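What follows is a set of notes on a single structure, which appears directly below.
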Amino acid sequence: MLTNIDAVIFDIDGTLVDSMHVWTDIDDIFLEKYHLVEPENFHEGMEGKSYSETAQYFLDLFPELPHTKEELEAEWHEMAFEIYTKELQLKKGAYDFILDMHKAGMKLGIATSNSRDLAEGLLMNTGVWQYLDAVWTSDEAKAGKPAPDVYLKVAESLSVKPERCLVFEDVPNGILAGKNAGMKVCAVEDPFSNPQITRKKELADYYIQDYDDIKNNTYEEL
C-alpha cells in the first residue's frame, strides 16, 4: 500500500474519527427545533459537501428557515464544538499509524469537508496536529467532494505529485475525490457508511477495517 508513496492524506469525519453520528444527531435536533421534516435521501445529498455547501443545501431544502448561510453555519458550530474539541477519539490504530508515518519521513495532510475551527480543535485534542504538514478544508479549496480540489490543494502544499499520494476516505464521494485527483485511495470502515460498503470497494484501491490492518498486513487490496 505504501510503495511509491511520499504523502498520506486523511479525511477526518468517518475516516480518522467515528464522528458521523454527531452530525446525524445535530440534524435531528435541528430539524425538531425548527419543525422540519427530513426528506428522502437527506444525508446522501450532503455526502462530500463542504461546510458552506451543506449550509446552502439546507437553505435550498428548507426555504422557510429564518437563517442566513452564515447564521446556520454558526449554529451548527456551536452545537458541535465541545464534542469535537473534548470528546471525539481517533479510530483504532490511527494515532500509531500517523506517528509511524511521521517517523518514517512521510508527509502528512488533512483534506476535510468540515470547518477549519472544528478540524483544528479535533486534531489538537487527539494529539496529531503536531505531525501534520498541511491542512485544507473543502471551503478553502472552493469545491466540495467528489471534486478533487481539496486533495490537489493538500498535495500542492506538500510539494508532492498526486500520483505519489495515498488518501484515506470513508464515503463514496470522498473516495471519488481522491481518485479524481489521481491518487491512490484506501477506504476505511465506518458504521455510518456500512450500507455503502460495496460501492466503497468498487471505487477504492484498498480497504481497511481499522488502521492496525496496515501494520498487520491484513488490509484488502481491491
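Letters for chains follow the order of the C-alpha cells (A, B, ...), residue numbers begin at 1 for each chain, and ligand numbers begin at 1 in the order shown.
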*Determine, counting only C-alpha atoms, which protein, DNA and RNA residues have an atom within 8 Å of an atom of stretch 102-112 of chain A; residues of the same chain fewer than 6 positions away are not included. Present the result as a list in words.*
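So, after excluding close chain neighbours, the residues are Asp6, Ala7, Val8, Ile9, Phe10, Asp11, Ile12, Asp13, Ala119, Tyr131, Leu132, Asp133, Ala134, Val135, Trp136, Thr137, Ser138, Val150, Tyr151, Val154 and Leu158 of chain A.
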C-alpha atoms of the current selection, written as a CSV table (one decimal), in the first residue's frame:
```csv
chain,number,residue,atom,x,y,z
A,6,ASP,CA,5.5,10.1,-0.5
A,7,ALA,CA,2.4,11.6,1.3
A,8,VAL,CA,-0.6,10.3,3.2
A,9,ILE,CA,-3.7,12.5,3.2
A,10,PHE,CA,-6.7,11.9,5.5
A,11,ASP,CA,-10.3,12.9,5.5
A,12,ILE,CA,-11.4,13.5,9.1
A,13,ASP,CA,-15.1,12.6,9.7
A,119,ALA,CA,-11.0,20.3,12.3
A,131,TYR,CA,2.6,15.6,13.0
A,132,LEU,CA,0.7,17.3,10.1
A,133,ASP,CA,2.3,19.2,7.3
A,134,ALA,CA,-0.8,20.6,5.6
A,135,VAL,CA,-4.5,21.0,6.5
A,136,TRP,CA,-7.1,22.2,4.0
A,137,THR,CA,-10.9,22.4,4.1
A,138,SER,CA,-13.2,22.0,1.1
A,150,VAL,CA,-9.2,19.9,-1.7
A,151,TYR,CA,-6.9,16.9,-2.3
A,154,VAL,CA,-3.0,19.4,0.0
A,158,LEU,CA,3.1,19.2,0.5
```
If you take only C-alpha atoms and a cut-off of 9 Å, which residues of stretch 93-195 of chain A touch stretch 32-54 of chain A, and what are their nearest atom pairs and distances in Å to one decimal, in chain and number order, as a tab-separated table?
```
residue	atom	partner	partner_atom	distance
A:Thr112	CA	A:Ser50	CA	8.0
A:Ser113	CA	A:Ser50	CA	4.5
A:Asn114	CA	A:Tyr51	CA	5.4
A:Ser115	CA	A:Tyr51	CA	5.9
A:Thr137	CA	A:Ser50	CA	7.6
A:Ser138	CA	A:Ser50	CA	5.1
A:Asp139	CA	A:Ser50	CA	5.6
A:Lys142	CA	A:Ser50	CA	8.6
A:Ala143	CA	A:Ser50	CA	7.0
A:Gly144	CA	A:Lys49	CA	4.7
A:Lys145	CA	A:Gly48	CA	4.5
A:Pro146	CA	A:Gly48	CA	6.3
A:Ala147	CA	A:Gly48	CA	8.9
A:Val171	CA	A:Glu47	CA	7.5
A:Pro172	CA	A:Glu47	CA	8.2
A:Asn173	CA	A:Gly48	CA	5.5
A:Gly174	CA	A:Gly48	CA	5.8
A:Ala177	CA	A:Gly48	CA	8.6
```
Per residue of stretch 55-122 of chain A within 7 Å of stretch 202-214 of chain A, record the nearest atom pair and its distance in Å to one decimal, counting only C-alpha atoms, with rows in chain order and ascending residue number, as a tab-separated table.
```
residue	atom	partner	partner_atom	distance
A:Lys91	CA	A:Asp210	CA	7.0
A:Lys92	CA	A:Asp210	CA	5.8
A:Gly93	CA	A:Tyr211	CA	4.6
A:Ala94	CA	A:Tyr211	CA	5.4
A:Phe97	CA	A:Tyr211	CA	6.6
```
*DSSP on the backbone: what in chain A comes out strand (DSSP E), as a ChimeraX atom specification?*
/A:7-10,107-112,134-137,165-169,184-188,206-208,220-221
List every residue of stretch 15-106 of chain A that has an atom at most 8 Å from any atom of stretch 183-194 of chain A, giving for each one its closest atom pair and the distance in Å to one decimal, counting only C-alpha atoms, sorted by chain and then by ascending residue number, as JSON lines.
```
{"residue": "A:Thr15", "atom": "CA", "partner": "A:Val188", "partner_atom": "CA", "distance": 6.0}
{"residue": "A:Asp18", "atom": "CA", "partner": "A:Asp190", "partner_atom": "CA", "distance": 6.9}
{"residue": "A:Met20", "atom": "CA", "partner": "A:Phe192", "partner_atom": "CA", "distance": 6.3}
{"residue": "A:His21", "atom": "CA", "partner": "A:Phe192", "partner_atom": "CA", "distance": 7.2}
```
Just N, CA and C atoms for this one: save the residues we selected as a PDB file, in the first residue's frame.
```pdb
ATOM      1  N   THR A  15     -13.345   8.904   8.931  1.00  0.00           N
ATOM      2  CA  THR A  15     -12.064   8.343   8.467  1.00  0.00           C
ATOM      3  C   THR A  15     -11.058   8.267   9.596  1.00  0.00           C
ATOM      4  N   ASP A  18     -14.802   8.343  14.495  1.00  0.00           N
ATOM      5  CA  ASP A  18     -16.197   7.941  14.304  1.00  0.00           C
ATOM      6  C   ASP A  18     -17.079   9.109  14.732  1.00  0.00           C
ATOM      7  N   MET A  20     -19.563  10.646  12.420  1.00  0.00           N
ATOM      8  CA  MET A  20     -20.725  10.911  11.580  1.00  0.00           C
ATOM      9  C   MET A  20     -22.016  10.935  12.400  1.00  0.00           C
ATOM     10  N   HIS A  21     -22.051  10.170  13.496  1.00  0.00           N
ATOM     11  CA  HIS A  21     -23.239  10.172  14.349  1.00  0.00           C
ATOM     12  C   HIS A  21     -23.473  11.539  14.985  1.00  0.00           C
TER      13      HIS A  21
END
```
*Between atom CA of A:Pro63 and atom CA of A:Trp76, distance in Å (one decimal)*: 17.4 Å
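Nearest-residue note for A:Asn217: choosing from A:Val17, A:Met1, A:Leu166, A:Ala181, the minimum distance belongs to A:Met1, counting only C-alpha atoms.
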*helix (DSSP H, G or I) residues, from DSSP on the backbone, in chain A, as a PyMOL selection string*: chain A and resi 20-33+44-46+51-61+69-87+94-103+116-125+129-131+138-141+149-158+162-164+172-180+191-203+212-215
